[in-house]
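Visitor: Would you mind keeping the following structure in view while I ask a few things?
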Number of protein chains: 2
Amino acid sequence: MKSRFSNKFIVPDLAIVQREGGYARGRDGHAQILRAALDLLVEQGYRAMSMRRVAEACGMKLGNLTYYFPTKEDLVRELLDAVISSYEIEFDAIVHETGVSAEDRLAEVCILILEDICTKKTTRIFPELWALSNHDAFVLERVQEMYARARVALEETIGEINPALPADERAMLALFISGSMEGLTMFAGHEKPFQPQMPWLERIAVKSFVQIVSTIRPGEMKGGS
Amino acid sequence: MKSRFSNKFIVPDLAIVQREGGYARGRDGHAQILRAALDLLVEQGYRAMSMRRVAEACGMKLGNLTYYFPTKEDLVRELLDAVISSYEIEFDAIVHETGVSAEDRLAEVCILILEDICTKKTTRIFPELWALSNHDAFVLERVQEMYARARVALEETIGEINPALPADERAMLALFISGSMEGLTMFAGHEKPFQPQMPWLERIAVKSFVQIVSTIRPGEMKGGS
DNA sequence: GCCATTTTTTGTCAAGTGTCCTAAATTCAC
DNA sequence: GTGAATTTAGGACACTTGACAAAAAATGGC
């Protein structure tokens, strides 16, 4: 499952924003709740993430949990923010990488994402988010915002590989590549039937992406033959 | 949103297996329940698909619903089967299509799937199934079985385009292509932010898929340079 | 029309859900 | 140490959920 690229980047579980006031214990409790909620979400799914179970999971009484998060929506939103922020931080970091060729950087970004897909956390959480985003505008917007940031790195390298491509077509290519990788979650993600074949899929993906980025010509995806 | 290929195939909502005995009214009720459950699942998500809401949605009392489906698991399994079967029927049908070139057949299969992704039903249901499959072995198996059938058509045309490829590498390519398309659901599916750009994505996808299938050489994805 | 079979109604059950409120305990700057 | 602010505990509320049971109604072959 190890790739030929070193894992310089690993996405941390949560990017928790420290609360302003309060005591030290309060800050601990705050973070503890988010971690417990995430763990419940990953291990047993969204249905299991009830206020009572979250409270129990971090040795807390229900009444205390509602002190930190008066409503469940508060908890869900802050958890979503913490989870997604951790991905965004990584994506923002990789943008400023330099030194290797454009093709290798494209490959590197893709490998990072594909390796992350194999993670239990990512395999479990993202389908949950996709399902939620179908009926919750807030989740939809937040998730799409994250993907938009993920595409920044892709668009940049695409521009280096194929400078003739206009911006909107670069964006489309990045969108295709990003979505293409996400789709492998259900097949080669954690404990999925084709997880052992992920290295093969990585090679196919990288070769395929580099190829389409290099060979597509301006206007071709819009109406050219 | 119309593609250059005619929509010969449209996936019907449900492939309901008729019950054996009983009165005519009973058979109606049976189908009515499955339709109401599907509608609830699509319109409001899995959480809204409670026994009471399903019963109410088809003008039925709760107790009557439990007569048809003693447990909720019974209902979910039969609904899942009806939904997935409708897709499998289409996939099986397209395999027996002939007449056009291998490249065009690959394109046709891909277009069919990508058009289906834009459907409200597919956009809504599949993320739900992916999320469920993370914590329900039955759902996982049934969904993966469906995808396996969907890959049959892909593997066949891949073999025609690149006959030198061994079976397992053809299978990997089909897996990549299938997963690649599924991933676009969250971006260009029904009411998703890039739904209007789906035609562009279709062209990118088809060109990319044909390219990788045509140019990849045996052994390349396993260890070649 | 009879009558066994099938379908429907009605009511109940225990368990779980999110939310709210009050009183007690703890923390920590002063 | 005192005391105000913060954190915890405990209980209660109204509501939803899946499952179950028994009586009532409708169906349709004979």
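Ligands are numbered from 1 in the order shown, chains are lettered A, B, ... in the order of the structure tokens, and residues start at 1 in each chain.
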Can you work out which residues from chain B touch chain A at a cut-off of 9 Å (counting only C-alpha atoms) and hand them back as a ChimeraX atom specification?
Guide: /B:43-47,123-135,140,144,169,172-173,175-187,191-194,197,199-205,207-209,211-212,216,220-223
Visitor: When you get a sec, could you note down which chain A residues fall within 12 Å of chain D, using only C-alpha atoms (C1' of nucleotides), as a ChimeraX atom specification?
Guide: /A:21-30,59-68
Visitor: Could you write out the selected residues, including all heavy atoms, as a compact mmCIF listing (two decimals), in the first residue's frame?
Guide:
# COMPACT_ATOMS: atom_id res chain seq x y z
N GLY A 21 -12.70 32.32 25.94
CA GLY A 21 -12.61 32.41 27.39
C GLY A 21 -12.66 31.05 28.07
O GLY A 21 -12.33 30.03 27.48
N GLY A 22 -13.08 31.04 29.31
CA GLY A 22 -13.26 29.80 30.03
C GLY A 22 -12.04 29.29 30.75
O GLY A 22 -10.95 29.85 30.62
N TYR A 23 -12.22 28.20 31.46
CA TYR A 23 -11.12 27.57 32.20
C TYR A 23 -10.41 26.55 31.33
O TYR A 23 -10.87 26.20 30.25
CB TYR A 23 -11.67 26.90 33.47
CG TYR A 23 -12.32 27.85 34.45
CD1 TYR A 23 -13.19 27.39 35.42
CD2 TYR A 23 -12.07 29.22 34.39
CE1 TYR A 23 -13.79 28.26 36.33
CE2 TYR A 23 -12.66 30.09 35.28
CZ TYR A 23 -13.52 29.61 36.25
OH TYR A 23 -14.12 30.47 37.13
N ALA A 24 -9.29 26.06 31.85
CA ALA A 24 -8.54 25.05 31.10
C ALA A 24 -9.37 23.78 30.91
O ALA A 24 -9.38 23.18 29.84
CB ALA A 24 -7.25 24.72 31.85
N ARG A 25 -10.06 23.42 31.96
CA ARG A 25 -10.87 22.21 31.90
C ARG A 25 -11.93 22.31 30.80
O ARG A 25 -12.24 21.34 30.13
CB ARG A 25 -11.55 22.01 33.25
CG ARG A 25 -12.30 20.71 33.34
CD ARG A 25 -12.50 20.29 34.77
NE ARG A 25 -13.11 18.99 34.89
CZ ARG A 25 -13.30 18.38 36.05
NH1 ARG A 25 -12.89 18.96 37.17
NH2 ARG A 25 -13.86 17.20 36.09
N GLY A 26 -12.46 23.51 30.67
CA GLY A 26 -13.47 23.71 29.65
C GLY A 26 -12.92 23.51 28.25
O GLY A 26 -13.56 22.90 27.40
N ARG A 27 -11.70 23.98 28.05
CA ARG A 27 -11.10 23.80 26.73
C ARG A 27 -10.84 22.32 26.44
O ARG A 27 -11.02 21.85 25.33
CB ARG A 27 -9.80 24.60 26.63
CG ARG A 27 -9.99 25.97 25.94
CD ARG A 27 -8.78 26.86 26.09
NE ARG A 27 -8.78 27.52 27.40
CZ ARG A 27 -7.72 27.62 28.19
NH1 ARG A 27 -6.57 27.10 27.78
NH2 ARG A 27 -7.79 28.23 29.35
N ASP A 28 -10.41 21.61 27.47
CA ASP A 28 -10.23 20.16 27.31
C ASP A 28 -11.54 19.49 26.93
O ASP A 28 -11.61 18.71 25.98
CB ASP A 28 -9.70 19.56 28.62
CG ASP A 28 -8.23 19.87 28.83
OD1 ASP A 28 -7.65 20.54 27.95
OD2 ASP A 28 -7.67 19.45 29.85
N GLY A 29 -12.56 19.80 27.70
CA GLY A 29 -13.86 19.19 27.45
C GLY A 29 -14.33 19.44 26.03
O GLY A 29 -14.82 18.53 25.35
N HIS A 30 -14.13 20.68 25.60
CA HIS A 30 -14.53 21.06 24.26
C HIS A 30 -13.88 20.16 23.20
O HIS A 30 -14.56 19.58 22.35
CB HIS A 30 -14.14 22.51 24.03
CG HIS A 30 -14.68 23.11 22.79
ND1 HIS A 30 -15.96 23.58 22.68
CD2 HIS A 30 -14.11 23.31 21.58
CE1 HIS A 30 -16.17 24.04 21.47
NE2 HIS A 30 -15.07 23.90 20.78
N GLY A 59 -16.96 10.24 28.84
CA GLY A 59 -17.18 10.21 30.28
C GLY A 59 -17.82 11.47 30.82
O GLY A 59 -17.39 12.03 31.82
N MET A 60 -18.85 11.88 30.15
CA MET A 60 -19.49 13.14 30.50
C MET A 60 -20.98 12.89 30.63
O MET A 60 -21.52 11.98 30.01
CB MET A 60 -19.23 14.12 29.35
CG MET A 60 -19.24 15.58 29.72
SD MET A 60 -18.83 16.57 28.28
CE MET A 60 -17.09 16.88 28.55
N LYS A 61 -21.64 13.68 31.43
CA LYS A 61 -23.08 13.55 31.54
C LYS A 61 -23.74 14.34 30.41
O LYS A 61 -23.18 15.34 29.94
CB LYS A 61 -23.56 14.05 32.89
CG LYS A 61 -23.02 13.23 34.04
CD LYS A 61 -23.51 11.79 33.96
CE LYS A 61 -22.89 10.96 35.07
NZ LYS A 61 -23.29 9.54 35.00
N LEU A 62 -24.92 13.90 30.05
CA LEU A 62 -25.62 14.55 28.94
C LEU A 62 -25.80 16.03 29.18
O LEU A 62 -25.57 16.86 28.29
CB LEU A 62 -26.98 13.88 28.74
CG LEU A 62 -27.91 14.55 27.73
CD1 LEU A 62 -27.31 14.50 26.35
CD2 LEU A 62 -29.28 13.88 27.73
N GLY A 63 -26.21 16.38 30.39
CA GLY A 63 -26.44 17.78 30.71
C GLY A 63 -25.20 18.63 30.48
O GLY A 63 -25.29 19.79 30.08
N ASN A 64 -24.05 18.03 30.73
CA ASN A 64 -22.80 18.76 30.55
C ASN A 64 -22.51 19.01 29.07
O ASN A 64 -22.02 20.07 28.68
CB ASN A 64 -21.66 17.99 31.19
CG ASN A 64 -20.45 18.88 31.43
OD1 ASN A 64 -20.55 20.09 31.37
ND2 ASN A 64 -19.32 18.26 31.70
N LEU A 65 -22.82 18.00 28.28
CA LEU A 65 -22.60 18.14 26.85
C LEU A 65 -23.43 19.30 26.28
O LEU A 65 -22.94 20.10 25.48
CB LEU A 65 -22.96 16.84 26.13
CG LEU A 65 -22.85 16.85 24.61
CD1 LEU A 65 -21.48 17.27 24.14
CD2 LEU A 65 -23.19 15.48 24.04
N THR A 66 -24.66 19.36 26.75
CA THR A 66 -25.53 20.44 26.25
C THR A 66 -25.08 21.80 26.76
O THR A 66 -25.56 22.83 26.29
CB THR A 66 -26.99 20.21 26.65
OG1 THR A 66 -27.12 20.41 28.05
CG2 THR A 66 -27.45 18.83 26.27
N TYR A 67 -24.20 21.81 27.75
CA TYR A 67 -23.61 23.08 28.17
C TYR A 67 -22.60 23.54 27.12
O TYR A 67 -22.56 24.72 26.75
CB TYR A 67 -22.94 22.93 29.53
CG TYR A 67 -21.95 24.01 29.85
CD1 TYR A 67 -22.37 25.30 30.18
CD2 TYR A 67 -20.59 23.75 29.80
CE1 TYR A 67 -21.45 26.30 30.46
CE2 TYR A 67 -19.67 24.74 30.08
CZ TYR A 67 -20.10 26.01 30.41
OH TYR A 67 -19.19 27.00 30.68
N TYR A 68 -21.81 22.59 26.61
CA TYR A 68 -20.84 22.94 25.57
C TYR A 68 -21.55 23.21 24.24
O TYR A 68 -21.24 24.17 23.55
CB TYR A 68 -19.83 21.81 25.38
CG TYR A 68 -18.83 21.70 26.49
CD1 TYR A 68 -18.98 20.79 27.53
CD2 TYR A 68 -17.69 22.50 26.50
CE1 TYR A 68 -18.05 20.69 28.55
CE2 TYR A 68 -16.74 22.40 27.51
CZ TYR A 68 -16.93 21.50 28.53
OH TYR A 68 -16.01 21.40 29.53
Visitor: Under the rule of at most 9 Å, produce a per-residue listing of chain C near chain B: chain, number, name, the closest pair of atoms, and the distance in Å, as a tab-separated table, using only C-alpha atoms (C1' of nucleotides).
Guide:
residue	atom	partner	partner_atom	distance
C:DT5	C1'	B:Gly22	CA	8.4
C:DT6	C1'	B:Gly22	CA	6.4
C:DT7	C1'	B:Gly26	CA	7.0
C:DT8	C1'	B:Asn64	CA	6.1
C:DT9	C1'	B:Lys61	CA	7.4
C:DT10	C1'	B:Gly63	CA	8.5
Visitor: Between CA of Leu165 (chain B) and CA of Val100 (chain B), what is the distance in Å, rounded to a tenth?
Guide: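 Computing it gives 21.2 Å between the two atoms.
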Visitor: What are the DSSP alpha helix (DSSP H) residues of region 39-172 of chain B, as a PyMOL selection string?
Guide: chain B and resi 39-44+51-57+62-68+72-95+102-117+120-133+137-161+167-172
Visitor: Take the selection from the previous step and output its residues with C-alpha atoms, as a JSON list (two decimals), in the first residue's frame.
Guide:
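Saved result, again-v3.json, follows:
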[["chain", "number", "residue", "atom", "x", "y", "z"],
["B", 39, "ASP", "CA", -39.60, 8.53, -2.69],
["B", 40, "LEU", "CA", -38.93, 9.32, 0.93],
["B", 41, "LEU", "CA", -35.34, 8.17, 0.60],
["B", 42, "VAL", "CA", -34.77, 10.33, -2.46],
["B", 43, "GLU", "CA", -36.59, 13.42, -1.29],
["B", 44, "GLN", "CA", -35.65, 13.55, 2.37],
["B", 51, "MET", "CA", -41.84, 3.10, 9.24],
["B", 52, "ARG", "CA", -44.42, 5.66, 10.25],
["B", 53, "ARG", "CA", -43.57, 8.09, 7.49],
["B", 54, "VAL", "CA", -43.56, 5.37, 4.88],
["B", 55, "ALA", "CA", -46.94, 4.20, 6.10],
["B", 56, "GLU", "CA", -48.31, 7.71, 6.10],
["B", 57, "ALA", "CA", -46.88, 8.42, 2.65],
["B", 62, "LEU", "CA", -48.41, 1.77, 10.80],
["B", 63, "GLY", "CA", -49.74, -1.57, 11.90],
["B", 64, "ASN", "CA", -50.58, -2.42, 8.33],
["B", 65, "LEU", "CA", -47.10, -1.62, 7.16],
["B", 66, "THR", "CA", -45.66, -4.02, 9.70],
["B", 67, "TYR", "CA", -47.98, -6.63, 8.24],
["B", 68, "TYR", "CA", -46.21, -6.32, 4.90],
["B", 72, "LYS", "CA", -37.62, -2.32, 9.03],
["B", 73, "GLU", "CA", -34.69, -4.41, 7.89],
["B", 74, "ASP", "CA", -37.10, -6.41, 5.75],
["B", 75, "LEU", "CA", -38.27, -3.23, 4.08],
["B", 76, "VAL", "CA", -34.78, -1.86, 3.58],
["B", 77, "ARG", "CA", -33.47, -5.06, 2.07],
["B", 78, "GLU", "CA", -36.32, -5.44, -0.34],
["B", 79, "LEU", "CA", -36.11, -1.78, -1.35],
["B", 80, "LEU", "CA", -32.37, -2.07, -1.86],
["B", 81, "ASP", "CA", -32.91, -5.13, -3.98],
["B", 82, "ALA", "CA", -35.57, -3.44, -6.08],
["B", 83, "VAL", "CA", -33.46, -0.33, -6.63],
["B", 84, "ILE", "CA", -30.26, -2.14, -7.48],
["B", 85, "SER", "CA", -31.97, -4.70, -9.67],
["B", 86, "SER", "CA", -33.27, -1.93, -11.90],
["B", 87, "TYR", "CA", -29.70, -0.83, -12.55],
["B", 88, "GLU", "CA", -28.48, -4.36, -13.11],
["B", 89, "ILE", "CA", -31.17, -4.99, -15.67],
["B", 90, "GLU", "CA", -29.97, -2.02, -17.68],
["B", 91, "PHE", "CA", -26.33, -3.01, -17.44],
["B", 92, "ASP", "CA", -27.10, -6.53, -18.55],
["B", 93, "ALA", "CA", -29.03, -5.14, -21.51],
["B", 94, "ILE", "CA", -26.28, -2.84, -22.72],
["B", 95, "VAL", "CA", -23.77, -5.66, -22.77],
["B", 102, "ALA", "CA", -15.31, -0.51, -29.53],
["B", 103, "GLU", "CA", -14.33, 3.07, -28.75],
["B", 104, "ASP", "CA", -17.83, 4.28, -29.41],
["B", 105, "ARG", "CA", -19.29, 1.51, -27.29],
["B", 106, "LEU", "CA", -17.02, 2.46, -24.42],
["B", 107, "ALA", "CA", -18.12, 6.04, -24.87],
["B", 108, "GLU", "CA", -21.74, 4.97, -24.98],
["B", 109, "VAL", "CA", -21.54, 3.03, -21.75],
["B", 110, "CYS", "CA", -19.81, 5.93, -20.05],
["B", 111, "ILE", "CA", -22.33, 8.44, -21.31],
["B", 112, "LEU", "CA", -25.16, 6.26, -20.09],
["B", 113, "ILE", "CA", -23.68, 6.13, -16.62],
["B", 114, "LEU", "CA", -22.81, 9.82, -16.52],
["B", 115, "GLU", "CA", -26.26, 10.81, -17.66],
["B", 116, "ASP", "CA", -27.77, 8.59, -15.04],
["B", 117, "ILE", "CA", -25.63, 10.27, -12.41],
["B", 120, "LYS", "CA", -32.18, 13.05, -8.97],
["B", 121, "LYS", "CA", -32.72, 9.49, -7.90],
["B", 122, "THR", "CA", -29.15, 8.38, -8.51],
["B", 123, "THR", "CA", -27.58, 11.52, -7.08],
["B", 124, "ARG", "CA", -29.60, 11.14, -3.93],
["B", 125, "ILE", "CA", -29.59, 7.41, -3.39],
["B", 126, "PHE", "CA", -26.04, 6.38, -4.03],
["B", 127, "PRO", "CA", -24.30, 8.54, -1.44],
["B", 128, "GLU", "CA", -26.86, 7.14, 0.95],
["B", 129, "LEU", "CA", -25.92, 3.61, -0.04],
["B", 130, "TRP", "CA", -22.21, 4.34, 0.22],
["B", 131, "ALA", "CA", -22.68, 5.66, 3.71],
["B", 132, "LEU", "CA", -24.81, 2.70, 4.72],
["B", 133, "SER", "CA", -22.35, 0.24, 3.23],
["B", 137, "ALA", "CA", -22.18, -5.71, 5.33],
["B", 138, "PHE", "CA", -25.35, -6.61, 3.45],
["B", 139, "VAL", "CA", -25.59, -3.24, 1.76],
["B", 140, "LEU", "CA", -21.89, -3.29, 0.96],
["B", 141, "GLU", "CA", -22.11, -6.67, -0.70],
["B", 142, "ARG", "CA", -25.21, -5.85, -2.68],
["B", 143, "VAL", "CA", -23.85, -2.52, -3.93],
["B", 144, "GLN", "CA", -20.50, -4.01, -4.89],
["B", 145, "GLU", "CA", -22.27, -6.81, -6.70],
["B", 146, "MET", "CA", -24.08, -4.22, -8.77],
["B", 147, "TYR", "CA", -20.88, -2.42, -9.65],
["B", 148, "ALA", "CA", -19.31, -5.73, -10.60],
["B", 149, "ARG", "CA", -22.07, -6.21, -13.13],
["B", 150, "ALA", "CA", -21.65, -2.66, -14.39],
["B", 151, "ARG", "CA", -17.98, -3.38, -15.06],
["B", 152, "VAL", "CA", -18.81, -6.32, -17.27],
["B", 153, "ALA", "CA", -19.71, -4.06, -20.16],
["B", 154, "LEU", "CA", -16.62, -1.95, -19.58],
["B", 155, "GLU", "CA", -14.25, -4.90, -19.42],
["B", 156, "GLU", "CA", -15.58, -6.27, -22.66],
["B", 157, "THR", "CA", -15.03, -3.10, -24.65],
["B", 158, "ILE", "CA", -11.65, -2.57, -23.01],
["B", 159, "GLY", "CA", -10.68, -6.01, -24.27],
["B", 160, "GLU", "CA", -11.68, -5.05, -27.78],
["B", 161, "ILE", "CA", -9.76, -1.81, -27.73],
["B", 167, "ALA", "CA", -7.82, -10.06, -17.79],
["B", 168, "ASP", "CA", -6.82, -8.78, -14.37],
["B", 169, "GLU", "CA", -5.45, -5.57, -15.83],
["B", 170, "ARG", "CA", -8.58, -5.08, -17.87],
["B", 171, "ALA", "CA", -10.52, -5.50, -14.66],
["B", 172, "MET", "CA", -8.41, -2.85, -12.94]]
Visitor: Hey, can you check how far CA of Ser50 (chain B) sits from C1' of DA14 (chain C)?
Guide: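 Calculated distance between CA of Ser50 (chain B) and C1' of DA14 (chain C) is 17.8 Å.
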Visitor: To one decimal place in Å, what is the distance between CA of Thr71 (chain B) and CA of Met49 (chain B)?
Guide: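 These two atoms are separated by 13.2 Å.
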